[in-house]
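**Student:** Before anything else, here's the structure in question.
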Amino acid sequence: MKAVVLTPRGPFSLAASLRFLEGFTPARYEGGHDGVLRLAFPSDDGRFTVASAVQQEQTTEGTGAVRAEITLHPAPAPGTPASSADSDPWETAAAGVARILSLDVDGARFPALASADPVVAGLMQEFPGLRPVCFNSPYEAAAWAVIGHRIRMSHAAAVKRLLAQRHGERVEVAGQDLFAFPAPHVLRTVTSFPGLTEVKLQRLHAIADAAAAGELDAASLRSLSAQDALVALQELSGIGPFSAELILIRGAGHPDLFPRHEPRLHAAMTAVYGLEGQAAGVPELVRVAERWKPYRSWVALLLRAHADPNITSARGR
């Protein structure tokens, strides 16, 4: 086990992240009442299952440094993609934890957005210290997009959880058992599963192949222009514009992309900015979101949290 200290640049609250996850249906997260975030996910190369217990120091000034205790569990039958063969697994795991919590982004300038936009100021007051909490990887985000296509989100979450329980690695994290989502080389072997059609299984196999080939690496996706990354993601079977944005924003952790294909976000924006009856289409919303640079993804997440009754109710727990 190794302990890694992540120092937030700008406001960050792990407690706010935990409350978000408790209300975010795809996560179906439980067990954060002790202030510990427990994570379990396959490493990008499939050689390990990463387990991490994350806590945040409490100081007189507010919240402080984040400490992640990381354990690497060797996979029984690891994959061997060349894309990460030379990488340090500990550094890769720590980078993954930082990305999941958006701690790999300098948020020092984020509070300044409040002075230019009263709506953003209100959202920051409603959700102090909340940054986007990402999927464990772009690979897992892509798998979620395929699983959840045209079915209820709660049903998709149940299928995803059962898939982890039956085919993922079980690890203990801070006294609790967690099941990691199956590594790409394991997912590739699943040929039938309750709740997944043959088409979805074929698409999941394509996602697994892409991940094994390094095509869903978070750093690589973020090194591209947002448009190029979205185009590349849409070359994957079953990934359209909405899913591509999900993977890039909530999987790779891109901090500054306005989702053009997320109707619920657009409805929330229209309501809070008082644009009803003004025929405010996507171009107008894109114009409004220019005020949020370079944190357009972050403000979009706050808007979605504001509009989601499950997340807002979780704040009172």
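In the structure tokens, the first chain shown is A, the next is B, and so on; residue numbers restart at 1 for each chain, and ligands run from 1 in the order shown.
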For A:Thr197, find every residue with an atom within 12 Å (counting only C-alpha atoms), except residues of its own chain fewer than 5 positions away, and show them as number ranges by chain.
**Tutor:** A: 146-151, 159, 190-192, 202-204
**Student:** Those residues you just picked out, can you put them in a file as a short mmCIF file (atom, residue, chain, number, x, y, z; two decimals), in the first residue's frame with all heavy atoms?
**Tutor:**
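Saved as out-v9.cif:
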```
data_model
loop_
_atom_site.label_atom_id
_atom_site.label_comp_id
_atom_site.auth_asym_id
_atom_site.auth_seq_id
_atom_site.Cartn_x
_atom_site.Cartn_y
_atom_site.Cartn_z
N VAL A 146 -23.05 2.46 -23.22
CA VAL A 146 -23.62 1.34 -23.97
C VAL A 146 -24.69 0.62 -23.15
O VAL A 146 -25.79 0.34 -23.63
CB VAL A 146 -22.51 0.35 -24.39
CG1 VAL A 146 -23.11 -0.94 -24.95
CG2 VAL A 146 -21.60 1.00 -25.43
N ILE A 147 -24.38 0.34 -21.89
CA ILE A 147 -25.33 -0.37 -21.03
C ILE A 147 -26.62 0.42 -20.88
O ILE A 147 -27.73 -0.13 -20.91
CB ILE A 147 -24.70 -0.65 -19.65
CG1 ILE A 147 -23.55 -1.64 -19.78
CG2 ILE A 147 -25.75 -1.17 -18.67
CD1 ILE A 147 -22.72 -1.78 -18.51
N GLY A 148 -26.49 1.74 -20.72
CA GLY A 148 -27.65 2.57 -20.43
C GLY A 148 -28.45 3.02 -21.63
O GLY A 148 -29.47 3.72 -21.45
N HIS A 149 -28.06 2.62 -22.83
CA HIS A 149 -28.75 3.09 -24.02
C HIS A 149 -30.19 2.59 -24.07
O HIS A 149 -30.46 1.38 -24.03
CB HIS A 149 -28.00 2.62 -25.27
CG HIS A 149 -28.57 3.13 -26.55
ND1 HIS A 149 -28.64 4.48 -26.85
CD2 HIS A 149 -29.11 2.49 -27.62
CE1 HIS A 149 -29.18 4.65 -28.04
NE2 HIS A 149 -29.49 3.45 -28.52
N ARG A 150 -31.13 3.53 -24.10
CA ARG A 150 -32.56 3.26 -24.25
C ARG A 150 -33.17 2.42 -23.13
O ARG A 150 -34.17 1.72 -23.34
CB ARG A 150 -32.85 2.61 -25.61
CG ARG A 150 -32.54 3.52 -26.79
CD ARG A 150 -33.03 2.92 -28.09
NE ARG A 150 -32.73 3.79 -29.22
CZ ARG A 150 -33.46 4.84 -29.59
NH1 ARG A 150 -34.55 5.15 -28.89
NH2 ARG A 150 -33.11 5.56 -30.64
N ILE A 151 -32.60 2.45 -21.94
CA ILE A 151 -33.25 1.83 -20.78
C ILE A 151 -33.18 2.81 -19.62
O ILE A 151 -32.41 3.79 -19.65
CB ILE A 151 -32.60 0.49 -20.38
CG1 ILE A 151 -31.14 0.68 -19.93
CG2 ILE A 151 -32.69 -0.51 -21.51
CD1 ILE A 151 -30.51 -0.58 -19.37
N VAL A 159 -27.70 -3.31 -13.78
CA VAL A 159 -26.97 -4.21 -14.69
C VAL A 159 -25.47 -4.02 -14.53
O VAL A 159 -24.70 -4.99 -14.45
CB VAL A 159 -27.40 -3.96 -16.15
CG1 VAL A 159 -26.50 -4.74 -17.11
CG2 VAL A 159 -28.85 -4.35 -16.36
N VAL A 190 -17.24 -12.00 -21.92
CA VAL A 190 -18.64 -12.13 -21.53
C VAL A 190 -19.50 -12.23 -22.79
O VAL A 190 -19.56 -11.29 -23.59
CB VAL A 190 -19.09 -10.93 -20.67
CG1 VAL A 190 -20.57 -11.07 -20.28
CG2 VAL A 190 -18.23 -10.81 -19.41
N THR A 191 -20.15 -13.35 -22.99
CA THR A 191 -20.92 -13.58 -24.21
C THR A 191 -22.43 -13.54 -24.00
O THR A 191 -23.18 -13.49 -24.97
CB THR A 191 -20.54 -14.93 -24.84
OG1 THR A 191 -20.73 -15.97 -23.86
CG2 THR A 191 -19.07 -14.92 -25.28
N SER A 192 -22.87 -13.58 -22.76
CA SER A 192 -24.29 -13.40 -22.45
C SER A 192 -24.40 -12.87 -21.03
O SER A 192 -23.58 -13.20 -20.17
CB SER A 192 -25.05 -14.73 -22.59
OG SER A 192 -24.62 -15.67 -21.63
N GLN A 202 -21.94 -6.90 -28.16
CA GLN A 202 -21.00 -6.66 -29.24
C GLN A 202 -20.36 -5.29 -29.10
O GLN A 202 -19.15 -5.12 -29.31
CB GLN A 202 -21.72 -6.78 -30.59
CG GLN A 202 -22.15 -8.19 -30.94
CD GLN A 202 -23.02 -8.24 -32.19
OE1 GLN A 202 -23.45 -7.21 -32.72
NE2 GLN A 202 -23.29 -9.44 -32.67
N ARG A 203 -21.16 -4.31 -28.73
CA ARG A 203 -20.63 -2.96 -28.55
C ARG A 203 -19.70 -2.88 -27.34
O ARG A 203 -18.68 -2.18 -27.38
CB ARG A 203 -21.78 -1.96 -28.42
CG ARG A 203 -22.54 -1.77 -29.73
CD ARG A 203 -23.77 -0.89 -29.57
NE ARG A 203 -24.38 -0.63 -30.87
CZ ARG A 203 -25.53 0.02 -31.03
NH1 ARG A 203 -26.20 0.49 -29.95
NH2 ARG A 203 -26.02 0.22 -32.24
N LEU A 204 -20.03 -3.60 -26.28
CA LEU A 204 -19.14 -3.64 -25.12
C LEU A 204 -17.81 -4.30 -25.47
O LEU A 204 -16.75 -3.88 -25.00
CB LEU A 204 -19.82 -4.37 -23.97
CG LEU A 204 -20.93 -3.61 -23.25
CD1 LEU A 204 -21.64 -4.52 -22.24
CD2 LEU A 204 -20.38 -2.37 -22.54
#
```
**Student:** Using only C-alpha atoms, which residues sit within 9 Å of stretch 34-49 of chain A once same-chain residues fewer than 4 positions away are excluded, as an MDAnalysis selection string?
**Tutor:** chainID A and resid 14:15 17:18 53:56 71:85 89 92:93 96:97 136:137 139:140 168:174 176 178:186 211:212 214 216:217
**Student:** Which residues in stretch 24-201 of chain A does DSSP call helix (DSSP H, G or I)? List them as an MDAnalysis selection string.
**Tutor:** chainID A and resid 82:84 89:100 110:116 118:126 138:147 153:167 184:187 198:201
**Student:** Kindly indicate which residue among A:Ala142, A:Ala210, A:Val299, A:Val50 lies nearest to A:Gly107, using only C-alpha atoms for the distances.
**Tutor:** A:Val299
**Student:** Need the shell around stretch 291-295 of chain A: protein/DNA/RNA residues with any atom at most 10 Å away, counting only C-alpha atoms. Skip same-chain ones fewer than 5 positions apart. Format as a list in words?
**Tutor:**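 Selected residues are Val105, Gly107, Arg109, Phe110, Ala112, Leu113, Ala114, Ala116, Asp117, Val120, His254, Pro255, Asp256, Leu257, Phe258, Val286 and Ala300 of chain A.
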**Student:** Measuring between only C-alpha atoms, which one of A:Leu248, A:Val4, A:Ile311, A:Leu221 shows the shortest distance to A:Phe135?
**Tutor:**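 Selected residue with least distance to A:Phe135: A:Leu248.
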**Student:** Name the residues of stretch 28-67 of chain A that fall into strand (DSSP E) according to DSSP on the backbone, using the chain letters and numbers of this document, as a PyMOL selection string.
**Tutor:** chain A and resi 37-42+48-59+62-67
**Student:** Between atom CA of A:His261 and atom CA of A:Phe242, measure the distance and give it in Å to one decimal.
**Tutor:**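 Value for the atom CA of A:His261-atom CA of A:Phe242 distance: 5.1 Å.
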**Student:** Would you please work out which residue, of A:Arg222, A:Arg9, A:Lys200, A:His155, is nearest to A:Arg131 when using only C-alpha atoms?
**Tutor:** A:Arg9
**Student:** Looking at A:Ala232, A:Met153, A:Ala219, A:Val119, which one is nearest to A:Ala268, with distances taken over only C-alpha atoms?
**Tutor:** A:Val119
**Student:** Using only C-alpha atoms, determine which residues lie at most 12 Å from A:Thr63, disregarding the query and same-chain residues fewer than 5 positions distant; provide the list as a list in words.
**Tutor:**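 The contact residues come out as Thr7, Pro8, Arg9, Gly10, Pro11, Phe12, Ser13, Leu14, Ala15, Ala16, Gln55, Gln56, Glu57, Gln58, Pro128, Gly129 and Leu130 of chain A.
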